[in-house]
$ cat structure-v5.txt   # compact mmCIF, C-alpha atoms
# COMPACT_ATOMS: atom_id res chain seq x y z
CA MET A 1 215.93 10.65 24.18
CA THR A 2 217.25 10.16 27.71
CA LEU A 3 215.58 11.60 30.81
CA ALA A 4 218.51 14.00 31.21
CA GLU A 5 217.65 15.41 27.77
CA SER A 6 213.93 15.72 28.50
CA ALA A 7 211.39 18.30 29.61
CA LEU A 8 208.17 17.77 31.54
CA CYS A 9 204.83 19.26 30.55
CA ARG A 10 203.25 20.59 33.73
CA ASP A 11 199.77 20.51 32.22
CA CYS A 12 199.51 16.95 30.86
CA LEU A 13 202.67 15.38 32.39
CA THR A 14 204.07 14.33 29.02
CA VAL A 15 207.86 13.86 28.91
CA ALA A 16 208.98 15.87 25.89
CA PRO A 17 212.31 16.61 24.18
CA ALA A 18 214.18 19.36 26.04
CA ALA A 19 214.44 21.42 22.84
CA ALA A 20 210.66 21.50 22.33
CA SER A 21 209.01 24.91 22.69
CA ARG A 22 205.58 23.39 23.36
CA CYS A 23 204.30 20.07 24.62
CA PRO A 24 203.89 17.72 21.63
CA ALA A 25 200.79 16.21 23.26
CA CYS A 26 198.73 19.18 24.51
CA ARG A 27 200.62 22.15 22.97
CA SER A 28 201.11 23.80 26.35
CA PRO A 29 204.16 26.09 26.67
CA ARG A 30 204.52 25.14 30.36
CA LEU A 31 207.51 22.86 29.94
CA LEU A 32 209.83 22.29 32.90
CA ARG A 33 213.48 21.81 31.92
CA HIS A 34 216.50 21.03 34.07
CA PRO A 35 219.48 18.71 33.52
CA GLU A 36 218.82 17.02 36.89
CA LEU A 37 215.03 17.11 36.69
CA PHE A 38 214.68 13.33 36.94
CA ASP A 39 217.77 12.70 39.06
CA PRO A 40 216.76 10.39 41.96
CA ALA A 41 219.03 12.42 44.27
CA LEU A 42 216.55 15.30 44.08
CA GLN A 43 213.81 14.12 46.41
CA ILE A 44 213.15 16.94 48.89
CA ALA A 45 210.34 19.33 47.97
CA HIS A 46 208.78 22.46 49.39
CA VAL A 47 205.17 23.04 48.33
CA ASP A 48 203.72 26.48 49.03
CA CYS A 49 200.18 27.67 48.26
CA ASP A 50 200.12 30.96 46.34
CA ALA A 51 198.71 33.88 48.41
CA PHE A 52 196.72 31.24 50.29
CA PHE A 53 194.17 33.21 52.34
CA ALA A 54 193.47 35.64 49.49
CA ALA A 55 193.29 32.80 46.96
CA VAL A 56 190.65 31.00 49.04
CA GLU A 57 188.62 34.23 49.20
CA LYS A 58 188.82 34.68 45.43
CA ARG A 59 187.90 31.05 44.83
CA ASP A 60 184.83 31.37 47.04
CA ASP A 61 183.77 34.75 45.61
CA PRO A 62 184.53 34.94 41.86
CA SER A 63 183.59 38.64 41.80
CA LEU A 64 186.93 39.27 43.55
CA ARG A 65 188.99 37.55 40.84
CA ASP A 66 190.53 40.65 39.24
CA LYS A 67 190.46 42.89 42.32
CA PRO A 68 193.26 43.61 44.80
CA VAL A 69 192.40 41.61 47.92
CA ILE A 70 193.97 42.00 51.36
CA VAL A 71 193.19 39.61 54.20
CA GLY A 72 193.89 41.14 57.58
CA GLY A 73 192.81 43.58 60.27
CA GLY A 74 191.55 47.15 60.24
CA ARG A 75 193.61 50.27 59.60
CA ARG A 76 195.73 49.66 62.70
CA GLY A 77 196.08 45.94 62.07
CA VAL A 78 198.49 44.15 59.78
CA VAL A 79 198.25 42.33 56.46
CA SER A 80 197.92 38.56 56.80
CA THR A 81 197.99 37.89 53.06
CA ALA A 82 197.73 39.99 49.93
CA CYS A 83 196.82 38.68 46.49
CA TYR A 84 199.25 39.20 43.63
CA VAL A 85 197.27 42.14 42.25
CA ALA A 86 197.84 43.93 45.58
CA ARG A 87 201.47 42.78 45.74
CA ILE A 88 202.16 44.48 42.43
CA ARG A 89 201.20 47.73 44.20
CA GLY A 90 203.77 47.00 46.94
CA VAL A 91 201.55 45.39 49.59
CA ARG A 92 203.31 42.69 51.62
CA SER A 93 202.44 40.30 54.45
CA ALA A 94 202.93 41.75 57.96
CA MET A 95 202.76 45.31 56.57
CA PRO A 96 200.71 47.71 58.74
CA MET A 97 197.27 48.04 57.23
CA PHE A 98 197.41 51.83 56.96
CA LYS A 99 200.52 51.53 54.78
CA ALA A 100 198.92 48.83 52.65
CA LEU A 101 195.83 50.97 52.04
CA ALA A 102 197.98 53.97 51.20
CA LEU A 103 199.67 51.89 48.50
CA CYS A 104 196.45 50.24 47.35
CA PRO A 105 193.43 52.38 48.38
CA ASP A 106 191.00 50.39 46.21
CA ALA A 107 191.82 47.08 47.89
CA VAL A 108 189.06 44.84 49.16
CA VAL A 109 189.93 44.14 52.81
CA LEU A 110 188.55 40.93 54.28
CA LYS A 111 188.74 39.45 57.74
CA PRO A 112 190.33 35.98 57.90
CA ARG A 113 188.04 32.92 57.69
CA PHE A 114 190.18 30.30 59.35
CA ASP A 115 187.58 27.54 59.03
CA ALA A 116 187.66 27.89 55.24
CA TYR A 117 191.46 27.98 55.16
CA ALA A 118 191.72 24.92 57.42
CA GLN A 119 189.29 23.01 55.19
CA ALA A 120 191.35 23.78 52.07
CA SER A 121 194.55 22.89 53.92
CA ARG A 122 193.16 19.50 54.96
CA ALA A 123 192.19 18.71 51.36
CA ILE A 124 195.69 19.53 50.09
CA ARG A 125 197.31 17.62 52.95
CA ALA A 126 195.30 14.50 52.02
CA MET A 127 196.69 14.72 48.48
CA MET A 128 200.23 14.97 49.86
CA GLU A 129 199.60 11.96 52.10
CA ALA A 130 198.74 9.92 49.01
CA LEU A 131 202.30 10.58 47.75
CA THR A 132 204.39 10.15 50.89
CA PRO A 133 203.99 9.86 54.66
CA ALA A 134 207.09 12.05 55.13
CA ILE A 135 205.41 15.46 55.32
CA GLU A 136 206.50 18.36 57.54
CA PRO A 137 203.83 21.09 57.60
CA LEU A 138 205.16 24.58 58.32
CA SER A 139 201.73 26.22 58.38
CA LEU A 140 198.30 25.75 56.82
CA ASP A 141 199.66 26.63 53.38
CA GLU A 142 203.15 25.14 53.08
CA ALA A 143 205.00 21.92 53.78
CA PHE A 144 208.18 19.99 53.10
CA LEU A 145 207.88 16.55 51.47
CA ASP A 146 210.49 13.80 51.36
CA LEU A 147 209.83 11.71 48.26
CA SER A 148 212.59 9.14 48.87
CA GLY A 149 211.45 5.75 47.67
CA THR A 150 208.27 7.02 46.05
CA ARG A 151 209.53 6.24 42.55
CA LEU A 152 209.19 2.51 43.24
CA LEU A 153 205.84 3.03 44.96
CA HIS A 154 204.21 5.26 42.32
CA GLY A 155 206.21 4.37 39.20
CA ALA A 156 207.33 7.94 38.52
CA PRO A 157 210.18 10.23 39.64
CA PRO A 158 209.54 13.01 42.19
CA ALA A 159 209.31 15.74 39.53
CA ILE A 160 206.36 14.03 37.83
CA LEU A 161 204.66 13.26 41.16
CA LEU A 162 204.95 16.92 42.22
CA ALA A 163 203.66 18.23 38.89
CA ARG A 164 200.74 15.81 39.23
CA LEU A 165 200.09 17.06 42.78
CA ALA A 166 200.08 20.71 41.64
CA ARG A 167 197.64 19.89 38.85
CA GLN A 168 195.37 17.95 41.24
CA VAL A 169 195.30 20.80 43.78
CA GLU A 170 194.36 23.26 41.04
CA ARG A 171 191.61 21.08 39.59
CA GLU A 172 190.08 19.71 42.80
CA VAL A 173 190.67 22.45 45.39
CA GLY A 174 190.67 25.46 43.07
CA LEU A 175 193.98 26.84 44.34
CA THR A 176 197.48 27.03 42.89
CA VAL A 177 200.76 26.02 44.47
CA SER A 178 204.43 26.68 43.78
CA VAL A 179 206.93 23.84 44.06
CA GLY A 180 210.64 23.76 44.84
CA LEU A 181 212.60 20.53 44.29
CA SER A 182 216.18 19.95 45.42
CA HIS A 183 218.45 17.72 47.49
CA ASN A 184 217.77 19.40 50.87
CA LYS A 185 215.22 21.53 52.69
CA PHE A 186 217.14 24.81 52.50
CA LEU A 187 217.40 24.71 48.73
CA ALA A 188 213.88 23.40 48.19
CA LYS A 189 212.49 26.34 50.21
CA ILE A 190 214.47 28.85 48.13
CA ALA A 191 213.41 27.13 44.90
CA SER A 192 209.70 27.36 45.66
CA ASP A 193 209.95 31.17 45.79
CA LEU A 194 211.74 31.56 42.45
CA ASP A 195 208.79 31.46 40.07
CA LYS A 196 205.64 32.38 41.98
CA PRO A 197 202.74 32.07 41.44
CA ARG A 198 202.07 28.63 39.92
CA GLY A 199 205.79 27.95 39.74
CA PHE A 200 208.01 24.88 39.73
CA SER A 201 211.75 25.36 40.16
CA VAL A 202 214.63 22.91 40.58
CA VAL A 203 218.04 23.40 42.18
CA GLY A 204 220.40 20.55 41.28
CA ARG A 205 223.53 19.34 43.05
CA ALA A 206 225.90 20.41 40.28
CA GLU A 207 224.73 24.02 40.32
CA THR A 208 224.33 24.51 44.08
CA GLU A 209 227.46 26.56 44.81
CA ALA A 210 227.05 28.80 41.75
CA PHE A 211 223.31 29.19 42.33
CA LEU A 212 223.83 30.48 45.88
CA ALA A 213 226.97 32.58 45.45
CA ASP A 214 225.49 36.02 44.72
CA ARG A 215 222.39 35.68 46.86
CA PRO A 216 222.10 38.02 49.85
CA VAL A 217 222.53 36.62 53.36
CA SER A 218 218.81 37.27 53.89
CA ALA A 219 218.16 34.34 51.52
CA ILE A 220 218.86 32.09 54.50
CA TRP A 221 215.58 31.22 56.16
CA GLY A 222 215.50 32.83 59.62
CA VAL A 223 217.95 35.64 58.84
CA GLY A 224 215.84 38.70 59.61
CA ALA A 225 216.64 42.39 59.58
CA ARG A 226 218.73 42.37 62.79
CA THR A 227 220.86 39.35 61.84
CA ARG A 228 221.32 40.68 58.32
CA ALA A 229 222.50 44.03 59.69
CA ALA A 230 224.93 42.27 62.05
CA LEU A 231 226.33 40.18 59.20
CA GLU A 232 226.63 43.17 56.90
CA ALA A 233 228.46 45.06 59.64
CA GLU A 234 231.11 42.32 59.38
CA GLY A 235 231.27 42.76 55.60
CA LEU A 236 229.17 39.63 54.94
CA ARG A 237 226.57 40.67 52.41
CA THR A 238 226.32 37.64 50.14
CA LEU A 239 226.46 33.90 50.66
CA ALA A 240 229.81 33.90 48.86
CA ASP A 241 231.09 36.31 51.55
CA LEU A 242 229.88 33.88 54.23
CA ARG A 243 231.73 31.01 52.57
CA ARG A 244 235.01 32.92 52.64
CA ALA A 245 234.68 34.01 56.27
CA ASP A 246 237.01 32.60 58.93
CA PRO A 247 234.95 30.00 60.87
CA ARG A 248 236.62 31.05 64.14
CA ALA A 249 235.58 34.66 63.60
CA LEU A 250 232.00 33.56 62.85
CA VAL A 251 231.83 31.54 66.07
CA ALA A 252 233.32 34.42 68.07
CA LYS A 253 230.71 36.81 66.71
CA PHE A 254 227.61 34.64 66.22
CA GLY A 255 228.24 31.51 68.29
CA ALA A 256 227.42 28.06 66.91
CA SER A 257 224.84 29.58 64.56
CA GLY A 258 227.72 31.18 62.65
CA LEU A 259 228.89 27.75 61.49
CA ARG A 260 225.32 26.79 60.59
CA LEU A 261 225.00 29.89 58.44
CA GLN A 262 228.28 29.10 56.70
CA ALA A 263 227.17 25.53 55.99
CA LEU A 264 223.92 26.80 54.46
CA ALA A 265 225.89 29.29 52.35
CA HIS A 266 227.57 26.24 50.80
CA GLY A 267 224.17 24.61 50.27
CA ARG A 268 224.72 21.99 52.99
CA ASP A 269 221.65 21.16 55.08
CA ALA A 270 221.37 17.82 56.89
CA ARG A 271 217.96 18.47 58.46
CA ARG A 272 215.45 15.70 57.87
CA VAL A 273 211.84 16.19 56.89
CA GLU A 274 210.17 15.64 60.26
CA ARG A 275 206.61 14.40 60.02
CA ASP A 276 204.18 16.55 61.99
CA ALA A 277 206.81 18.76 63.58
CA GLU A 278 205.45 19.88 66.91
CA ILE A 279 203.14 22.90 66.99
CA LYS A 280 203.96 24.86 70.13
CA SER A 281 200.83 27.02 70.36
CA ILE A 282 197.76 28.37 68.57
CA SER A 283 196.92 32.05 68.93
CA ASN A 284 195.02 34.94 67.42
CA GLU A 285 195.02 38.66 68.13
CA ILE A 286 193.42 41.88 66.94
CA THR A 287 194.72 45.45 66.80
CA PHE A 288 191.88 47.95 67.23
CA GLU A 289 191.07 50.89 64.98
CA THR A 290 190.90 53.05 68.11
CA ASP A 291 191.94 52.19 71.67
CA ILE A 292 189.21 50.41 73.66
CA ALA A 293 188.60 50.56 77.41
CA ASP A 294 184.99 49.32 77.50
CA ARG A 295 184.99 45.94 79.27
CA ASP A 296 181.91 44.66 77.44
CA LEU A 297 183.48 45.35 74.04
CA LEU A 298 186.75 43.74 75.11
CA GLU A 299 184.94 40.59 76.22
CA GLY A 300 183.16 40.45 72.86
CA HIS A 301 186.54 40.55 71.12
CA LEU A 302 187.84 37.90 73.52
CA TRP A 303 184.97 35.62 72.49
CA ARG A 304 185.63 36.03 68.76
CA LEU A 305 189.36 35.40 69.27
CA SER A 306 188.59 32.35 71.41
CA GLU A 307 186.35 30.99 68.63
CA LYS A 308 189.16 31.41 66.09
CA VAL A 309 191.71 29.69 68.32
CA SER A 310 189.21 26.92 69.02
CA GLY A 311 188.48 26.50 65.31
CA ARG A 312 192.16 26.13 64.46
CA ALA A 313 192.66 23.65 67.31
CA LYS A 314 189.69 21.57 66.13
CA ALA A 315 190.93 21.68 62.53
CA ARG A 316 194.30 20.30 63.64
CA GLY A 317 192.86 17.74 66.07
CA LEU A 318 194.56 19.41 69.05
CA ALA A 319 193.68 20.53 72.56
CA GLY A 320 195.64 22.69 75.00
CA ARG A 321 196.23 22.93 78.73
CA VAL A 322 197.28 26.60 78.98
CA VAL A 323 195.29 29.70 77.96
CA THR A 324 197.13 32.99 77.48
CA VAL A 325 195.80 36.51 77.13
CA LYS A 326 197.98 39.21 75.57
CA LEU A 327 197.15 42.89 76.06
CA LYS A 328 198.85 45.96 74.60
CA ARG A 329 198.06 49.25 76.29
CA ALA A 330 197.74 52.58 74.55
CA ASP A 331 201.31 53.37 75.68
CA PHE A 332 202.48 50.11 73.94
CA ARG A 333 203.24 48.34 77.22
CA LEU A 334 202.59 44.61 76.88
CA ILE A 335 200.75 42.63 79.56
CA THR A 336 200.59 38.82 79.43
CA ARG A 337 198.58 36.53 81.70
CA ARG A 338 198.42 32.70 81.63
CA ARG A 339 196.22 30.09 83.25
CA ALA A 340 196.70 26.29 83.37
CA LEU A 341 193.43 24.39 82.95
CA ARG A 342 192.48 21.30 84.95
CA SER A 343 192.32 19.31 81.68
CA PRO A 344 193.14 20.07 78.03
CA THR A 345 190.43 21.64 75.91
CA GLN A 346 189.72 22.77 72.37
CA MET A 347 186.31 24.26 73.17
CA ALA A 348 185.74 27.96 72.53
CA ASP A 349 183.59 28.30 75.65
CA ALA A 350 186.33 26.93 77.94
CA ILE A 351 189.02 29.06 76.28
CA TRP A 352 186.84 32.18 76.57
CA ARG A 353 185.99 31.65 80.23
CA ALA A 354 189.69 31.26 81.09
CA ALA A 355 190.55 34.31 78.98
CA GLN A 356 187.77 36.34 80.63
CA GLY A 357 189.23 35.53 84.06
CA LEU A 358 192.71 36.52 82.90
CA LEU A 359 191.40 39.85 81.64
CA THR A 360 189.92 40.46 85.09
CA GLN A 361 193.19 39.38 86.70
CA ALA A 362 195.10 41.96 84.64
CA GLY A 363 193.25 44.67 86.56
CA GLU A 364 192.88 48.27 85.42
CA THR A 365 194.94 48.54 82.25
CA GLY A 366 193.44 51.66 80.71
CA PRO A 367 192.55 51.71 77.01
CA LEU A 368 193.94 48.84 74.96
CA ARG A 369 195.17 48.92 71.37
CA LEU A 370 195.57 45.13 71.03
CA ILE A 371 194.15 41.99 72.60
CA GLY A 372 195.09 38.37 71.89
CA VAL A 373 194.24 34.84 73.01
CA GLY A 374 196.50 31.79 72.85
CA LEU A 375 196.30 28.07 73.59
CA SER A 376 199.51 26.16 74.42
CA ASP A 377 200.89 23.01 76.04
CA LEU A 378 199.17 21.21 73.19
CA CYS A 379 198.22 17.54 72.96
CA PRO A 380 196.05 15.35 70.68
CA GLU A 381 192.35 16.08 71.08
CA ALA A 382 191.81 12.50 72.26
CA ALA A 383 193.72 13.42 75.44
CA ALA A 384 191.25 16.18 76.31
CA GLY A 385 189.36 15.47 79.52
CA ALA A 386 185.61 15.18 79.84
CA GLU A 387 184.00 18.61 79.85
CA ALA A 388 182.01 17.94 83.03
CA ASP A 389 183.47 19.91 85.96
CA LEU A 390 182.48 19.62 89.63
CA LEU A 391 183.17 23.34 90.03
CA ASP A 392 181.19 24.20 86.89
CA PRO A 393 178.28 21.75 86.42
CA GLY A 394 177.11 23.50 83.24
CA ALA A 395 180.41 22.94 81.38
CA GLY A 396 179.32 19.63 79.85
CA ALA A 397 176.03 21.01 78.54
CA ARG A 398 177.78 24.05 77.05
CA ALA A 399 180.36 21.82 75.37
CA GLU A 400 177.65 19.67 73.80
CA ALA A 401 175.83 22.81 72.61
CA GLU A 402 179.08 24.03 71.05
CA ARG A 403 179.61 20.74 69.22
CA ALA A 404 176.03 20.94 67.93
CA ALA A 405 176.69 24.48 66.70
CA ASP A 406 179.86 23.25 64.96
CA ARG A 407 177.81 20.63 63.12
CA ILE A 408 175.27 23.24 62.02
CA ARG A 409 178.02 25.57 60.73
CA ALA A 410 179.70 22.69 58.88
CA ARG A 411 176.44 22.00 57.07
CA PHE A 412 174.99 25.48 56.53
CA GLY A 413 177.96 27.86 56.73
CA ALA A 414 179.84 29.90 59.33
CA GLY A 415 177.03 32.45 59.72
CA ALA A 416 174.29 29.92 60.37
CA ILE A 417 174.53 30.23 64.16
CA PHE A 418 176.36 32.44 66.66
CA LYS A 419 176.29 33.44 70.32
CA GLY A 420 174.88 36.72 71.54
CA ARG A 421 178.24 37.68 73.03
CA ALA A 422 179.65 37.69 69.48
CA LEU A 423 177.55 40.83 68.85
CA ARG A 424 179.34 42.90 71.48

$ encode --input "structure-v5.txt" --output "structure tokens"
Amino acid sequence: MTLAESALCRDCLTVAPAAASRCPACRSPRLLRHPELFDPALQIAHVDCDAFFAAVEKRDDPSLRDKPVIVGGGRRGVVSTACYVARIRGVRSAMPMFKALALCPDAVVLKPRFDAYAQASRAIRAMMEALTPAIEPLSLDEAFLDLSGTRLLHGAPPAILLARLARQVEREVGLTVSVGLSHNKFLAKIASDLDKPRGFSVVGRAETEAFLADRPVSAIWGVGARTRAALEAEGLRTLADLRRADPRALVAKFGASGLRLQALAHGRDARRVERDAEIKSISNEITFETDIADRDLLEGHLWRLSEKVSGRAKARGLAGRVVTVKLKRADFRLITRRRALRSPTQMADAIWRAAQGLLTQAGETGPLRLIGVGLSDLCPEAAAGAEADLLDPGAGARAEAERAADRIRARFGAGAIFKGRALR
């Protein structure tokens, strides 16, 4: 039996005959088959946690296991993540909450717990780091991995290493992931979506052109509704249509991106897996159930948003020099205000005080339907300046109190301690 004629058991990692219906070692039916499964040319992977936020909630509260769970805002907010039970009812990420609840009125709606998600993400990232240093995170719940050279290091081909990773995440973190394996990032990303949840799909070199031919142009990552409509207006509905298009006409209509789209339609993608691709900003926002004009209530929301932004910055080991406040009025007009800090920070207190000043600077806005806080111009947390400030002598003491509160929450839970302004 050669490797090309073999299957891989995803439960016990036994290499079995391709014709087997079950693993000869553990009797599992979860056998992964592909003629290029162990081909060393397939070394780019995309690993994506399944319904990540909702899965963490179900892991931490087993009573939710069989219930439809939506993580997101109130009725006028949007869905951050929906579990697969809710997705069966038609609920999707970024869907307005009122539509999601119309489709799934019995859903359990939970507010995001970013500290818990960051903790799970760090645990999974550590497992990835044990396989390869070439990791490009796209968010808390997904990343590209380049497994070039790992066969010599770990004594197993990428397919086995990835199956082992998926099994380890499930056993030790209590979450499931879906894996895509191919010869470039574009195809690996598509592959990871083919068999969710708990999937593992492979796209080999020999099948690339045929595999892509009938897929819609929206299969290209980054082609949204507007670009899809523009392509379809030119008669380009599938990737095969894109391949046949005149390159000069594509450039005339879409600029240089037209040639990039055509290359991807052929399955050509020369992008490298870039370790720790730069994160531009960290932000959080809330859309209110009803428009709010009360300044005290708005400042309470600003504090909670600042805490979330701070928590994500601390989880990633980052600090930022610029604080941004985003406001959406009742008439949908957007107002944005920014302030550069004297030194980078990741502290919720410093972010909130800057955001509070920006809210004042915005002046009389009338009732608001949305408010958001962002931190940008990011740098490693080690570059953050000392919290002591000649213009604000209490800043250092407040920062130390915040760090003490962080330690208490880490030990006893997120609700162990909170500020009075969080009650507004």

$ residues_around --input "structure-v5.txt" --residues "region 206-212 of chain A" --least-positions-apart "4" --cutoff "9 Å" --atoms "all atoms listed in the file" --output "ChimeraX atom specification"
/A:36,187,216,219,238-240,265-267

$ atom_distance --input "structure-v5.txt" --atom1 "CA of His183 (chain A)" --atom2 "CA of Leu42 (chain A)"
4.6 Å

$ closest_atom_pairs --input "structure-v5.txt" --of "region 198-284 of chain A" --to "region 365-385 of chain A" --cutoff "6 Å" --atoms "all atoms listed in the file" --output "Markdown table"
| residue | atom | partner | partner_atom | distance |
| --- | --- | --- | --- | --- |
| A:Ser281 | CA | A:Ser376 | CA | 4.4 |
| A:Ile282 | CA | A:Leu375 | CA | 5.2 |
| A:Ser283 | CA | A:Gly374 | CA | 4.0 |
| A:Asn284 | CA | A:Gly372 | CA | 5.6 |

$ residues_around --input "structure-v5.txt" --residues "Gly235 (chain A)" --least-positions-apart "4" --cutoff "12 Å" --atoms "only C-alpha atoms" --output "PyMOL selection string"
chain A and resi 216-217+228-231+239-242+244-245+250

$ closest_residue --input "structure-v5.txt" --among "A:Ala225, A:Cys49, A:Ile88, A:Ala166" --to "Ser139 (chain A)" --atoms "all atoms listed in the file"
A:Cys49

$ closest_residue --input "structure-v5.txt" --among "A:Ile286, A:Leu147, A:Leu138, A:Val56" --to "Gly174 (chain A)" --atoms "all atoms listed in the file"
A:Val56

$ atom_distance --input "structure-v5.txt" --atom1 "CA of Thr345 (chain A)" --atom2 "CA of Arg125 (chain A)"
24.3 Å

$ residues_around --input "structure-v5.txt" --residues "Asp146 (chain A)" --least-positions-apart "3" --cutoff "12 Å" --atoms "all atoms listed in the file" --output "PyMOL selection string"
chain A and resi 40-47+128-129+131-137+143+149-151+158+161-162+180-185+188+271-275

$ closest_residue --input "structure-v5.txt" --among "A:Ser93, A:Ser80, A:Thr176, A:Ser21" --to "Lys58 (chain A)" --atoms "only C-alpha atoms"
A:Thr176

$ atom_distance --input "structure-v5.txt" --atom1 "CA of Trp352 (chain A)" --atom2 "CA of Trp303 (chain A)"
5.7 Å

$ residues_near_point --input "structure-v5.txt" --point "(198.2, 53.3, 49.6)" --cutoff "12 Å" --atoms "all atoms listed in the file" --output "list of chain:residue names"
A:Pro68, A:Arg75, A:Ala86, A:Arg87, A:Arg89, A:Gly90, A:Val91, A:Arg92, A:Met95, A:Pro96, A:Met97, A:Phe98, A:Lys99, A:Ala100, A:Leu101, A:Ala102, A:Leu103, A:Cys104, A:Pro105, A:Asp106, A:Ala107

$ residues_around --input "structure-v5.txt" --residues "Pro29 (chain A)" --least-positions-apart "4" --cutoff "10 Å" --atoms "all atoms listed in the file" --output "list in words"
Cys9, Arg10, Asp11, Ala20, Ser21, Arg22, Cys23 and Pro24 of chain A

$ closest_residue --input "structure-v5.txt" --among "A:Arg243, A:Leu145, A:Leu32, A:Val15" --to "Gly199 (chain A)" --atoms "only C-alpha atoms"
A:Leu32

$ closest_residue --input "structure-v5.txt" --among "A:Ala126, A:Leu236, A:Val223, A:Val309" --to "Ser257 (chain A)" --atoms "only C-alpha atoms"
A:Val223

$ residues_around --input "structure-v5.txt" --residues "Asp193 (chain A)" --least-positions-apart "6" --cutoff "9 Å" --atoms "all atoms listed in the file" --output "list in words"
Asp48, Ser178, Val179, Gly180, Gly199, Phe200 and Ser201 of chain A

$ residues_near_point --input "structure-v5.txt" --point "(191.0, 32.5, 57.8)" --cutoff "9 Å" --atoms "only C-alpha atoms" --output "ChimeraX atom specification"
/A:53,56,71,111-118,308
